[in-house]
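Pasting entry_20.txt here (compact mmCIF, C-alpha atoms and all ligand atoms):
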```txt
# COMPACT_ATOMS: atom_id res chain seq x y z
CA LEU A 333 -105.54 1.65 -48.48
CA THR A 334 -102.01 2.85 -49.15
CA SER A 335 -103.03 6.36 -48.11
CA VAL A 336 -103.59 5.31 -44.51
CA THR A 337 -100.31 3.45 -44.03
CA THR A 338 -97.67 5.19 -41.96
CA PRO A 339 -95.18 6.96 -44.21
CA ARG A 340 -91.65 5.59 -44.10
CA ARG A 341 -89.32 7.57 -41.88
CA PRO A 342 -86.32 8.87 -43.78
CA ARG A 343 -82.96 7.50 -42.74
CA VAL A 344 -81.48 9.97 -40.26
CA ILE A 345 -77.69 10.29 -40.05
CA ALA A 346 -75.80 12.61 -37.67
CA LEU A 347 -72.40 13.88 -38.79
CA ALA A 348 -70.61 14.14 -35.50
CA ASN A 349 -67.13 14.72 -34.13
CA GLN A 350 -66.47 17.10 -31.27
CA LYS A 351 -63.33 18.30 -33.01
CA GLY A 352 -63.76 21.30 -35.24
CA GLY A 353 -62.33 21.44 -38.74
CA VAL A 354 -62.46 17.72 -39.47
CA GLY A 355 -64.89 17.92 -42.38
CA LYS A 356 -68.36 17.50 -40.82
CA THR A 357 -69.91 20.40 -42.69
CA THR A 358 -68.09 19.70 -45.93
CA THR A 359 -69.28 16.11 -45.74
CA ALA A 360 -72.87 17.12 -44.92
CA ILE A 361 -73.03 19.44 -47.93
CA ASN A 362 -71.28 17.21 -50.43
CA LEU A 363 -72.60 13.84 -49.32
CA GLY A 364 -76.07 15.43 -49.28
CA THR A 365 -75.56 16.75 -52.80
CA ALA A 366 -74.16 13.45 -54.03
CA LEU A 367 -77.11 11.52 -52.56
CA ALA A 368 -79.52 13.95 -54.22
CA ALA A 369 -77.65 13.61 -57.51
CA ILE A 370 -78.28 9.87 -57.50
CA GLY A 371 -81.97 10.28 -56.88
CA GLU A 372 -82.40 10.44 -53.10
CA LYS A 373 -84.51 13.18 -51.51
CA VAL A 374 -82.31 14.77 -48.88
CA LEU A 375 -82.67 17.27 -46.07
CA ILE A 376 -79.66 18.81 -44.35
CA VAL A 377 -80.36 20.01 -40.82
CA ASP A 378 -77.83 22.64 -39.79
CA LEU A 379 -77.35 22.32 -36.02
CA ASP A 380 -74.16 24.37 -35.79
CA PRO A 381 -74.69 27.97 -34.60
CA GLN A 382 -71.92 28.99 -37.02
CA GLY A 383 -74.25 28.08 -39.86
CA ASN A 384 -71.49 27.03 -42.23
CA ALA A 385 -73.68 24.44 -43.94
CA SER A 386 -76.33 27.10 -44.54
CA THR A 387 -73.80 29.56 -45.97
CA GLY A 388 -72.10 26.85 -48.01
CA LEU A 389 -75.44 25.99 -49.57
CA GLY A 390 -75.99 29.60 -50.55
CA VAL A 391 -78.67 30.43 -47.99
CA ASP A 392 -77.83 33.94 -46.91
CA ARG A 393 -78.26 34.95 -43.24
CA ARG A 394 -80.96 37.45 -44.22
CA ASN A 395 -83.02 34.63 -45.72
CA ARG A 396 -83.01 32.38 -42.68
CA LYS A 397 -86.49 33.20 -41.48
CA SER A 398 -87.23 30.10 -39.46
CA SER A 399 -84.22 28.19 -38.22
CA THR A 400 -83.27 25.09 -36.28
CA TYR A 401 -83.24 27.32 -33.20
CA ASP A 402 -86.98 27.90 -33.60
CA VAL A 403 -87.46 24.18 -34.19
CA LEU A 404 -85.58 23.16 -31.02
CA CYS A 405 -87.49 25.76 -29.03
CA GLY A 406 -90.71 24.19 -30.31
CA ASP A 407 -91.90 27.41 -31.96
CA VAL A 408 -92.09 26.05 -35.52
CA GLY A 409 -92.24 22.62 -37.09
CA LEU A 410 -89.23 21.37 -39.05
CA GLY A 411 -91.28 21.50 -42.26
CA GLN A 412 -91.78 25.23 -41.79
CA ALA A 413 -88.04 25.85 -41.48
CA LEU A 414 -87.19 24.07 -44.75
CA GLN A 415 -85.72 25.94 -47.68
CA PRO A 416 -84.91 24.70 -51.15
CA THR A 417 -81.28 24.83 -52.34
CA ALA A 418 -79.75 25.14 -55.79
CA VAL A 419 -79.48 21.34 -55.82
CA PRO A 420 -82.68 19.60 -56.98
CA GLY A 421 -83.78 17.12 -54.32
CA LEU A 422 -81.78 18.81 -51.55
CA SER A 423 -83.39 21.05 -48.94
CA LEU A 424 -82.00 22.76 -45.87
CA ALA A 425 -83.12 23.65 -42.37
CA PRO A 426 -80.77 26.59 -41.72
CA SER A 427 -79.23 27.64 -38.44
CA THR A 428 -78.63 31.06 -36.95
CA LEU A 429 -76.44 32.34 -34.12
CA ASP A 430 -79.51 32.17 -31.85
CA LEU A 431 -78.69 28.50 -31.57
CA LEU A 432 -75.83 29.46 -29.24
CA GLY A 433 -78.39 30.13 -26.53
CA VAL A 434 -80.73 27.23 -27.10
CA GLU A 435 -79.23 24.87 -24.54
CA LEU A 436 -80.01 27.22 -21.70
CA GLU A 437 -83.53 27.69 -22.96
CA ILE A 438 -84.40 24.02 -23.14
CA ALA A 439 -82.16 22.70 -20.35
CA SER A 440 -84.88 22.49 -17.73
CA SER A 441 -87.52 20.89 -19.93
CA LYS A 442 -88.13 17.18 -19.64
CA ASP A 443 -87.94 16.49 -23.37
CA ARG A 444 -84.76 18.54 -23.87
CA ALA A 445 -82.86 15.71 -25.56
CA HIS A 446 -85.83 14.74 -27.75
CA ARG A 447 -86.64 18.10 -29.33
CA LEU A 448 -85.18 17.26 -32.74
CA LYS A 449 -86.45 13.69 -32.68
CA ASN A 450 -89.98 14.92 -32.02
CA ALA A 451 -89.68 17.44 -34.85
CA ILE A 452 -88.54 14.73 -37.28
CA ASP A 453 -91.30 12.38 -36.13
CA GLU A 454 -93.83 15.09 -36.98
CA LEU A 455 -92.15 15.96 -40.28
CA VAL A 456 -92.98 12.51 -41.59
CA TYR A 457 -96.64 13.54 -41.61
CA ASP A 458 -95.96 16.86 -43.37
CA GLN A 459 -97.32 16.63 -46.93
CA ARG A 460 -94.39 18.66 -48.26
CA CYS A 461 -91.81 16.22 -46.95
CA GLN A 462 -93.23 12.78 -47.50
CA ASP A 463 -90.78 11.82 -50.19
CA LEU A 464 -87.66 12.51 -48.07
CA THR A 465 -85.34 9.52 -47.93
CA TYR A 466 -82.33 10.93 -46.03
CA ILE A 467 -81.84 13.52 -43.32
CA LEU A 468 -78.23 14.53 -42.63
CA ILE A 469 -77.59 16.47 -39.43
CA ASP A 470 -74.54 18.74 -39.32
CA CYS A 471 -73.47 18.86 -35.66
CA PRO A 472 -71.48 21.56 -33.86
CA PRO A 473 -67.92 20.75 -32.67
CA SER A 474 -68.98 19.61 -29.20
CA LEU A 475 -70.75 16.80 -27.38
CA SER A 476 -73.28 19.22 -25.96
CA LEU A 477 -77.05 18.99 -25.73
CA ILE A 478 -77.32 19.99 -29.40
CA THR A 479 -75.26 16.99 -30.47
CA ILE A 480 -77.20 14.80 -28.02
CA ASN A 481 -80.40 15.96 -29.74
CA ALA A 482 -78.90 14.95 -33.09
CA MET A 483 -77.90 11.50 -31.83
CA THR A 484 -81.25 10.95 -30.15
CA ALA A 485 -83.00 11.74 -33.44
CA SER A 486 -80.73 9.60 -35.60
CA ASP A 487 -80.55 6.04 -36.86
CA ALA A 488 -76.82 6.30 -37.25
CA VAL A 489 -73.75 8.42 -36.65
CA LEU A 490 -71.27 9.10 -39.44
CA VAL A 491 -67.90 10.25 -38.13
CA PRO A 492 -65.57 12.32 -40.30
CA LEU A 493 -61.94 11.90 -39.19
CA GLN A 494 -59.22 14.14 -40.50
CA CYS A 495 -56.04 12.38 -41.63
CA GLU A 496 -53.71 14.04 -39.14
CA PHE A 497 -51.56 12.95 -36.26
CA PHE A 498 -54.22 13.39 -33.58
CA ALA A 499 -57.00 11.80 -35.63
CA LEU A 500 -57.86 9.14 -33.06
CA GLU A 501 -57.57 11.44 -30.09
CA GLY A 502 -61.02 12.18 -28.74
CA LEU A 503 -62.55 9.33 -30.65
CA SER A 504 -63.06 7.22 -27.51
CA GLN A 505 -64.98 10.11 -25.94
CA LEU A 506 -67.18 10.28 -29.03
CA LEU A 507 -67.78 6.52 -29.02
CA LYS A 508 -68.61 6.67 -25.31
CA THR A 509 -71.19 9.37 -25.95
CA VAL A 510 -72.76 7.25 -28.69
CA GLU A 511 -72.97 4.35 -26.20
CA GLN A 512 -74.53 6.59 -23.55
CA VAL A 513 -77.16 7.90 -25.96
CA LYS A 514 -77.86 4.36 -27.05
CA ALA A 515 -78.27 3.16 -23.47
CA GLY A 516 -80.41 6.02 -22.23
CA LEU A 517 -82.10 7.81 -25.10
CA ASN A 518 -82.03 5.97 -28.41
CA PRO A 519 -81.50 2.19 -28.42
CA ARG A 520 -81.46 1.94 -32.23
CA LEU A 521 -78.42 4.21 -32.68
CA ILE A 522 -75.44 2.72 -34.51
CA ILE A 523 -72.21 4.00 -36.00
CA GLN A 524 -72.86 4.08 -39.73
CA GLY A 525 -69.21 4.51 -40.52
CA VAL A 526 -66.07 6.54 -40.28
CA VAL A 527 -64.85 8.54 -43.25
CA LEU A 528 -61.28 9.73 -43.56
CA THR A 529 -61.08 13.29 -44.83
CA MET A 530 -58.38 15.59 -46.21
CA PHE A 531 -56.17 12.70 -47.20
CA ASP A 532 -52.91 13.80 -48.79
CA PRO A 533 -51.12 11.02 -50.69
CA ARG A 534 -47.85 12.99 -50.77
CA ASN A 535 -47.79 13.11 -47.00
CA ASN A 536 -46.45 9.91 -45.40
CA LEU A 537 -48.34 10.73 -42.25
CA SER A 538 -51.70 10.56 -44.05
CA GLY A 539 -50.96 6.96 -45.05
CA GLN A 540 -49.85 6.07 -41.53
CA VAL A 541 -52.99 7.61 -40.02
CA MET A 542 -55.14 5.69 -42.48
CA ALA A 543 -53.47 2.41 -41.49
CA ASP A 544 -53.88 3.15 -37.75
CA VAL A 545 -57.52 4.10 -38.07
CA LYS A 546 -58.28 0.99 -40.12
CA SER A 547 -56.60 -1.32 -37.63
CA PHE A 548 -58.51 0.33 -34.78
CA LEU A 549 -61.95 0.56 -36.40
CA GLY A 550 -61.85 -2.23 -38.99
CA ASP A 551 -64.64 -2.28 -41.53
CA LYS A 552 -66.43 0.68 -39.92
CA VAL A 553 -64.05 2.75 -42.05
CA TYR A 554 -65.38 3.52 -45.51
CA GLU A 555 -63.30 2.40 -48.45
CA THR A 556 -63.76 5.85 -49.90
CA VAL A 557 -61.22 8.31 -48.58
CA ILE A 558 -61.82 12.01 -49.23
CA PRO A 559 -58.65 13.61 -50.64
CA ARG A 560 -57.45 17.04 -49.66
CA ASN A 561 -58.59 19.07 -52.64
CA VAL A 562 -58.51 22.84 -53.02
CA ARG A 563 -61.73 22.85 -55.08
CA ILE A 564 -63.57 21.46 -52.04
CA SER A 565 -62.41 24.33 -49.86
CA GLU A 566 -63.14 26.98 -52.53
CA ALA A 567 -66.72 25.93 -53.22
CA PRO A 568 -68.39 27.29 -50.02
CA SER A 569 -67.28 30.85 -50.77
CA TYR A 570 -69.42 30.63 -53.91
CA GLY A 571 -72.35 29.31 -51.86
CA LYS A 572 -72.18 26.07 -53.80
CA PRO A 573 -71.51 22.41 -53.02
CA ALA A 574 -68.25 21.23 -54.62
CA LEU A 575 -70.30 18.96 -56.86
CA LEU A 576 -71.91 22.02 -58.48
CA TYR A 577 -68.71 24.06 -58.45
CA ASP A 578 -66.53 21.41 -60.09
CA LEU A 579 -68.08 18.02 -60.59
CA ARG A 580 -64.93 16.52 -62.04
CA CYS A 581 -62.51 17.41 -59.24
CA SER A 582 -61.15 14.56 -57.14
CA GLY A 583 -63.11 15.71 -54.07
CA SER A 584 -66.48 15.70 -55.83
CA GLN A 585 -65.79 12.31 -57.32
CA ALA A 586 -64.87 10.95 -53.87
CA TYR A 587 -68.13 12.24 -52.38
CA LEU A 588 -70.07 10.50 -55.15
CA ARG A 589 -68.33 7.24 -54.26
CA LEU A 590 -69.02 7.82 -50.57
CA ALA A 591 -72.72 8.33 -51.34
CA SER A 592 -72.96 4.99 -53.07
CA GLU A 593 -71.15 3.32 -50.17
CA VAL A 594 -73.57 4.91 -47.70
CA ILE A 595 -76.53 3.65 -49.72
CA LYS A 596 -74.97 0.20 -49.95
CA ARG A 597 -74.58 0.05 -46.15
CA GLU A 598 -78.11 1.28 -45.61
CA ARG A 599 -79.50 -1.40 -47.93
CA ALA A 600 -77.53 -4.10 -46.14
CA LEU A 601 -78.85 -2.87 -42.77
CA ARG A 602 -82.43 -2.85 -44.03
CA ALA A 603 -82.09 -6.33 -45.45
CA ALA A 604 -80.72 -7.59 -42.15
CA ALA A 605 -83.49 -5.92 -40.11
P1 LIG B 1 -66.09 20.92 -39.51
O1 LIG B 1 -67.50 21.11 -39.96
O2 LIG B 1 -65.83 19.56 -38.94
O3 LIG B 1 -65.66 22.00 -38.57
P2 LIG B 1 -65.38 21.72 -42.20
O4 LIG B 1 -66.14 20.82 -43.08
O5 LIG B 1 -65.90 23.09 -42.00
O6 LIG B 1 -65.14 21.03 -40.79
O7 LIG B 1 -63.88 21.77 -42.78
C1 LIG B 1 -62.89 22.57 -42.16
C2 LIG B 1 -62.10 23.31 -43.22
O8 LIG B 1 -61.40 22.37 -44.04
C3 LIG B 1 -62.96 24.13 -44.15
O9 LIG B 1 -62.29 25.31 -44.47
C4 LIG B 1 -63.11 23.25 -45.38
O10 LIG B 1 -63.32 24.00 -46.56
C5 LIG B 1 -61.79 22.52 -45.40
N1 LIG B 1 -61.92 21.17 -45.98
C6 LIG B 1 -62.76 20.20 -45.63
N2 LIG B 1 -62.60 19.09 -46.37
C7 LIG B 1 -61.61 19.39 -47.26
C8 LIG B 1 -60.96 18.65 -48.32
N3 LIG B 1 -61.31 17.40 -48.61
N4 LIG B 1 -60.00 19.29 -49.01
C9 LIG B 1 -59.63 20.56 -48.72
N5 LIG B 1 -60.20 21.29 -47.75
C10 LIG B 1 -61.17 20.72 -47.02
MG MG B 2 -68.93 22.51 -39.26
```
In structure tokens, how does this file's structure come out?
Amino acid sequence: LTSVTTPRRPRVIALANQKGGVGKTTTAINLGTALAAIGEKVLIVDLDPQGNASTGLGVDRRNRKSSTYDVLCGDVGLGQALQPTAVPGLSLAPSTLDLLGVELEIASSKDRAHRLKNAIDELVYDQRCQDLTYILIDCPPSLSLITINAMTASDAVLVPLQCEFFALEGLSQLLKTVEQVKAGLNPRLIIQGVVLTMFDPRNNLSGQVMADVKSFLGDKVYETVIPRNVRISEAPSYGKPALLYDLRCSGSQAYLRLASEVIKRERALRAAA
């Protein structure tokens, strides 16, 4: 009987912030690795044409045969685009620069905002992917149709915010977009949480920004704050997540704590549902 029950959909989380350089990709790679390290089965979907998540996970451009571009165009299923990574339990759907042109190609189709959602819905029935528990989507630095596809496909949005003076600027635009997607495209969408990145304890401003963000967003902000850590920024040039490059560095340890917070929040949500 169990074989005919519908497989459980993995939890889908979009890492979104229309600002570039705030830590979306770094968080996708290292949160994904940390979740895999504690036993989850994780897929990272690279939706940024720059492909930094793909490079950072050691998947060379030459080896990106099928990509998220092909998936959004409807030419291949998401399962076909998957590649293993050096991290057991972590796979990747890579992106290529073709993705820069995808919006134009799908703009006039009726299901243009649902392309990724449909691909994930089908993936659940793919034998190769039935044990997936988390899908993390690395979004481009915009609120374009690509990001709308990510939000339409997701259960939740996780927002990385850099600890800098303009951290909150643009946040209201992002929250408005989440509300619009929720109203028109995906009623179940929530904000999973906000994670502060590149925190520098020696910089007074970092502390001030943290206090401001917490008073504005309350308990949406994760307790875990990701410190600015040079090991984190070195790791991608070796094609490795920081957790493989230097497990003991402060950044890797912070991402492990973030992973357990994410799981804790997910469990609480499931229990409440
Ligand atoms: P986004 O995907 O939002 O554009 P990235 O994750 O690519 O941002 O991060 C931008 C830059 O900051 C990258 O060079 C990355 O290596 C660096 N970076 C991110 N997080 C940290 C951190 N905690 N400590 C040091 N450097 C970081
Ligand atoms: Mg990025």
Given 10 Å and only C-alpha atoms and all ligand atoms, residues near ligand LIG 1 (chain B) as a PyMOL selection string: chain A and resi 347-362+380+382-385+388+470-473+491-494+528-532+557-569+574+582-584+586-587
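The spacing separating CA of Arg597 in chain A from CA of Gly550 in chain A amounts to 14.8 Å.
Of the residues listed (A:Val377, A:Ile345, A:Val513, A:Ile595), A:Val377 shows the shortest atom-to-atom separation from ligand MG 2 (chain B); distances use all atoms listed in the file.
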- prompt: Pick the closest to ligand MG 2 (chain B) from A:Ile467, A:Leu379, A:Cys495, A:Ile480: which is it, counting all atoms listed in the file?
  reply: A:Leu379
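Across A:Ala488, A:Ser399, A:Leu475, A:Gly516, the tightest approach to Gly502 in chain A is made by A:Leu475 when counting all atoms listed in the file.
CA of Gln459 in chain A to CA of Arg396 in chain A spans 21.7 Å [interatomic distance, one decimal].
Minimum atom-to-atom distance to Ser486 in chain A, evaluated using all atoms listed in the file, belongs to A:Val344 out of A:Ala600, A:Val344, A:Leu500, A:Pro381.
Shell of Val391 in chain A at 10 Å, with only C-alpha atoms counted and residues fewer than 4 places along the chain excluded, is A:Gly383, A:Asn384, A:Ala385, A:Ser386, A:Thr387, A:Asn395, A:Arg396, A:Gln415, A:Pro416, A:Thr417, A:Ala418, A:Leu424, A:Ala425, A:Pro426, A:Ser427, A:Gly571, A:Lys572.
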Can I get the selection written as a compact mmCIF listing (two decimals), in the frame of the given file, with C-alpha atoms?
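Wrote again_4.txt, looks like this:
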```txt
# COMPACT_ATOMS: atom_id res chain seq x y z
CA GLY A 383 -74.25 28.08 -39.86
CA ASN A 384 -71.49 27.03 -42.23
CA ALA A 385 -73.68 24.44 -43.94
CA SER A 386 -76.33 27.10 -44.54
CA THR A 387 -73.80 29.56 -45.97
CA ASN A 395 -83.02 34.63 -45.72
CA ARG A 396 -83.01 32.38 -42.68
CA GLN A 415 -85.72 25.94 -47.68
CA PRO A 416 -84.91 24.70 -51.15
CA THR A 417 -81.28 24.83 -52.34
CA ALA A 418 -79.75 25.14 -55.79
CA LEU A 424 -82.00 22.76 -45.87
CA ALA A 425 -83.12 23.65 -42.37
CA PRO A 426 -80.77 26.59 -41.72
CA SER A 427 -79.23 27.64 -38.44
CA GLY A 571 -72.35 29.31 -51.86
CA LYS A 572 -72.18 26.07 -53.80
```
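Among A:Asp487, A:Asp407, A:Glu496, A:Asp578, the residue with the shortest atom-to-atom distance to Met542 in chain A, counting only C-alpha atoms, is A:Glu496.
Put simply, CA of Val526 in chain A is 6.1 Å away from CA of Tyr554 in chain A.
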- prompt: When distances are computed from all atoms listed in the file, which of A:Arg534, A:Thr400, A:Thr465, A:Met483 shows the smallest separation from Leu521 in chain A?
  reply: A:Met483
Set up a box along x, y and z of the file covering all listed atoms of range 439-448 of chain A, add 5 Å on every one of the six sides, and write the centre and edge lengths in Å to one decimal, as lines of an AutoDock Vina configuration file.
```
center_x = -85.1
center_y = 18.7
center_z = -25.2
size_x = 16.0
size_y = 18.0
size_z = 25.0
```
